[in-house]
Structures are given as structure tokens and as C-alpha cells.
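Working notes, beginning with the structure itself.
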Amino acid sequence: MNIQIRPEYKNDISAISMINDMAFGQENEGNLIIKLRKNRNFIKDLSLVACMGNEIIGHILFSKIIIKNGNEEFESLALAPMSVIPELQGLGIGSELIKKGLQKATKLGYESVIVLGHENYYPKFKFTPASQFQITCPFEVPDANFMALELEKGSLKNVYGCVEYPKEFNDV
Ligand SMILES: CC(C)(COP(=O)(O)OP(=O)(O)OC[C@H]1O[C@@H](n2cnc3c(N)ncnc32)[C@H](O)[C@@H]1OP(=O)(O)O)[C@@H](O)C(=O)NCCC(=O)NCCS
């Protein structure tokens with residue numbers, strides 16, 4: 001399988017929504033991405049698509065978030081959402097999107113990533129429960145599903161607080 005992973009282009013926008021609608025079986029995530037594009041936390045270089053020839057078959061997005069404790073704020077990234085078209089799931093495309101995304105985020109100088117997701121999947125990429133750091137989720141979730149990753153070793157050592165997602169996430 002010849003898969004290319006690259007940042008989104010302007011004319012990928014409707015395909016990205018469609019892939020999310022197909023993968024999630026609902027329109028919430030596709031609509032979330034449309035709204036996030038207008039938010040200052042959107043990072044165009046970290047909205048990556050997986051392509052097979054000219055066809056887009058997967059997508060991953062990392063957005064800027066803040067980990068907040070009173071007046072103290074620490075910048076981080078949220079990985080969400082990600083999607084691969086149903087017919088091609090389970091073939092490693094999602095893993096490639098994550099690996100490329102983490103590499104690119106590191107290159108861009110980001111130091112950590114937070115994800116709310118499946119407890120058996122993200123640990124493959126060295127995510128661990130955020131509770132192992134001093135980072136909490138703004139809503140109630142099982143400990144194992146709320147995870148963090150240091151892109152730079154030790155970067156979360158002195159980071160503590162609650163994650164503040166862009167307000168667009170509230171509607172999902
Ligand atoms: C999550 C997703 C993007 C992973 O892409 P993918 O190309 O299928 O992923 P990979 O082939 O790299 O890895 C598949 C593995 O992840 C597991 N997995 C990933 N996400 C999972 C989830 N939400 N629930 C259960 N298992 C999941 C699969 O069971 C499989 O496990 P295995 O390798 O032990 O067999 C894809 O499955 C998808 O679009 N799912 C629907 C949307 C979704 O749930 N997105 C994640 C939340 S933002």
C-alpha cells in the first residue's frame with residue numbers, strides 16, 4: 001500500500017469532513033474540524049491527511065490547548081479527532097498518521113500531546129495516563145482514557161493543571 005501523509009490543502013476540506021462522517025458514523029467530528037479551522041488554536045501544518053493516489057483515506061488533527069492552573073498556563077496539543085475510512089481501518093494507516101503527526105509536532109517545537117481515547121491504542125505510541133503527570137481532564141473520564149505524551153523528555157515534569165480545550169469541543 002502506497003500511502004502518503006501530508007498537511008491538508010484547501011481543496012481537501014470537504015473530503016476531510018466526509019472521512020470523519022464515515023469513520024464516526026455521524027457528523028459531529030467533521031463539523032468540529034470545520035469550526036476549529038476558524039479558531040486561533042488551529043495549526044494547519046498539524047491537520048494531516050493520509051492519501052492513496054489522489055484519494056484521501058485518513059485524517060488526524062492536533063490543536064493547541066492550554067493546561068491551566070490559576071494564573072499559570074502551559075501550552076500543549078490535543079490529538080483529536082482522527083479517522084480512517086472504514087474499509088481501510090486496521091491496516092496501520094492510523095498508526096502512520098499518529099507517528100507522522102508526533103514527528104511533525106516535535107519539529108514545530110511542541111513539547112507534549114494530550115489525547116482522550118482508547119486505552120489499548122495510544123499506549124503503543126508511548127502515551128500514558130495523564131494522572132501520572134499532574135494533568136487533569138475538565139470533565140469526568142476513566143483514568144486510562146485520558147493520556148499524555150512528552151515529545152521532549154521531562155517536558156511535563158513541572159506542568160500541572162487542568163486541560164482547557166478550545167470551546168468548539170464542547171459541542172461534540
Ligand atoms: C481510530 C482509527 C483512526 C485508527 O485507524 P486505523 O488505521 O484503523 O489504526 P491502525 O490500523 O493503526 O490500528 C488499529 C488498531 O487500533 C485499535 N483501535 C484503534 N482505535 C480504537 C477504538 N476507538 N476502539 C477500539 N480499538 C481501536 C484497533 O482495534 C486495532 O488494534 P490491533 O492493532 O491490536 O489489531 C480508526 O479505527 C477510525 O477511524 N475509527 C473510527 C473513528 C475513531 O474512533 N477515532 C478515534 C477517536 S478520535
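As shown in the C-alpha cells, the chain order sets the letters A, B, ...; within each chain, residues go from 1, and ligands are also counted from 1 in the order they appear.
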At a cut-off of 8 Å, using only C-alpha atoms, what residues contact Phe24 in chain A? Leave out same-chain residues fewer than 4 positions from it and give the result as an mmCIF file with all heavy atoms, in the first residue's frame.
data_model
loop_
_atom_site.group_PDB
_atom_site.id
_atom_site.type_symbol
_atom_site.label_atom_id
_atom_site.label_comp_id
_atom_site.auth_asym_id
_atom_site.auth_seq_id
_atom_site.Cartn_x
_atom_site.Cartn_y
_atom_site.Cartn_z
ATOM 1 N N ASN A 20 -14.387 11.860 8.140
ATOM 2 C CA ASN A 20 -14.771 11.851 9.550
ATOM 3 C C ASN A 20 -16.207 11.374 9.717
ATOM 4 O O ASN A 20 -16.505 10.584 10.614
ATOM 5 C CB ASN A 20 -14.568 13.234 10.168
ATOM 6 C CG ASN A 20 -13.131 13.436 10.603
ATOM 7 O OD1 ASN A 20 -12.739 13.033 11.686
ATOM 8 N ND2 ASN A 20 -12.306 13.997 9.720
ATOM 9 N N GLU A 29 -17.809 15.151 14.391
ATOM 10 C CA GLU A 29 -16.358 15.369 14.319
ATOM 11 C C GLU A 29 -15.990 16.186 13.079
ATOM 12 O O GLU A 29 -15.124 17.056 13.142
ATOM 13 C CB GLU A 29 -15.606 14.027 14.341
ATOM 14 C CG GLU A 29 -15.579 13.351 15.703
ATOM 15 C CD GLU A 29 -16.889 12.688 16.115
ATOM 16 O OE1 GLU A 29 -17.795 12.561 15.257
ATOM 17 O OE2 GLU A 29 -17.022 12.314 17.295
ATOM 18 N N SER A 83 -9.311 9.833 12.006
ATOM 19 C CA SER A 83 -10.240 8.950 11.307
ATOM 20 C C SER A 83 -9.572 8.302 10.103
ATOM 21 O O SER A 83 -8.705 8.895 9.461
ATOM 22 C CB SER A 83 -11.457 9.761 10.836
ATOM 23 O OG SER A 83 -11.013 10.840 10.038
#
List all protein, DNA and RNA residues that have an atom no more than 6 Å from any atom of ligand 1, counting only C-alpha atoms and all ligand atoms, and report them as an mmCIF file with C-alpha atoms, in the first residue's frame.
data_model
loop_
_atom_site.group_PDB
_atom_site.id
_atom_site.type_symbol
_atom_site.label_atom_id
_atom_site.label_comp_id
_atom_site.auth_asym_id
_atom_site.auth_seq_id
_atom_site.Cartn_x
_atom_site.Cartn_y
_atom_site.Cartn_z
ATOM 1 C CA ALA A 23 -15.445 6.837 10.282
ATOM 2 C CA PHE A 24 -17.555 8.097 13.179
ATOM 3 C CA ALA A 80 -8.416 14.892 18.150
ATOM 4 C CA PRO A 81 -10.108 13.744 16.122
ATOM 5 C CA MET A 82 -8.558 11.118 13.891
ATOM 6 C CA SER A 83 -10.240 8.950 11.307
ATOM 7 C CA VAL A 84 -9.571 6.365 8.645
ATOM 8 C CA GLN A 89 -9.191 0.531 9.114
ATOM 9 C CA GLY A 90 -6.903 -1.861 10.954
ATOM 10 C CA LEU A 91 -4.169 -1.727 8.306
ATOM 11 C CA GLY A 92 -1.818 0.628 10.132
ATOM 12 C CA ILE A 93 -2.868 3.887 8.461
ATOM 13 C CA GLY A 94 -3.991 5.413 11.762
ATOM 14 C CA SER A 95 -0.650 4.445 13.306
ATOM 15 C CA GLY A 117 -9.022 7.871 23.545
ATOM 16 C CA HIS A 118 -8.793 4.126 23.576
ATOM 17 C CA TYR A 121 -4.322 2.063 21.241
#
- Message: When you look at range 154-159 of chain A with a cut-off of 12 Å (counting only C-alpha atoms), what residues show up, excluding the ones that are within fewer than 4 positions of it in the same chain? I need them as JSON, numbers by chain.
- Response: {"A": [66, 67, 68, 69, 72, 73, 74, 75, 76, 106, 109, 110, 111, 112, 113, 114, 128, 130, 131, 132, 133, 134, 135, 136, 148, 149, 150, 163]}
- Task: Apply DSSP to the structure's backbone, then extract all residues of chain A labelled helix (DSSP H, G or I) and return them as a PyMOL selection string.
- Result: chain A and resi 10-24+28-36+86-88+93-107+122-125+130-132+143-145+167-171
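For the choices A:Cys137, A:Gln4, A:Pro86, A:Leu97, the atom-to-atom distance to His59 in chain A is smallest for A:Leu97 when using only C-alpha atoms.
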- Item | Spatial neighbours of Ile65 in chain A, 7 Å, only C-alpha atoms, chain gap at least 3 places, as a PyMOL selection string | chain A and resi 75-78+164-166
- Backbone DSSP call of strand (DSSP E) for chain A, listed as an MDAnalysis selection string: chainID A and resid 4:7 42:52 55:69 72:84 112:116 128:129 134:136 146:150 160:164
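CA of Ile43 in chain A to CA of Lys104 in chain A spans 11.3 Å [interatomic distance, one decimal].
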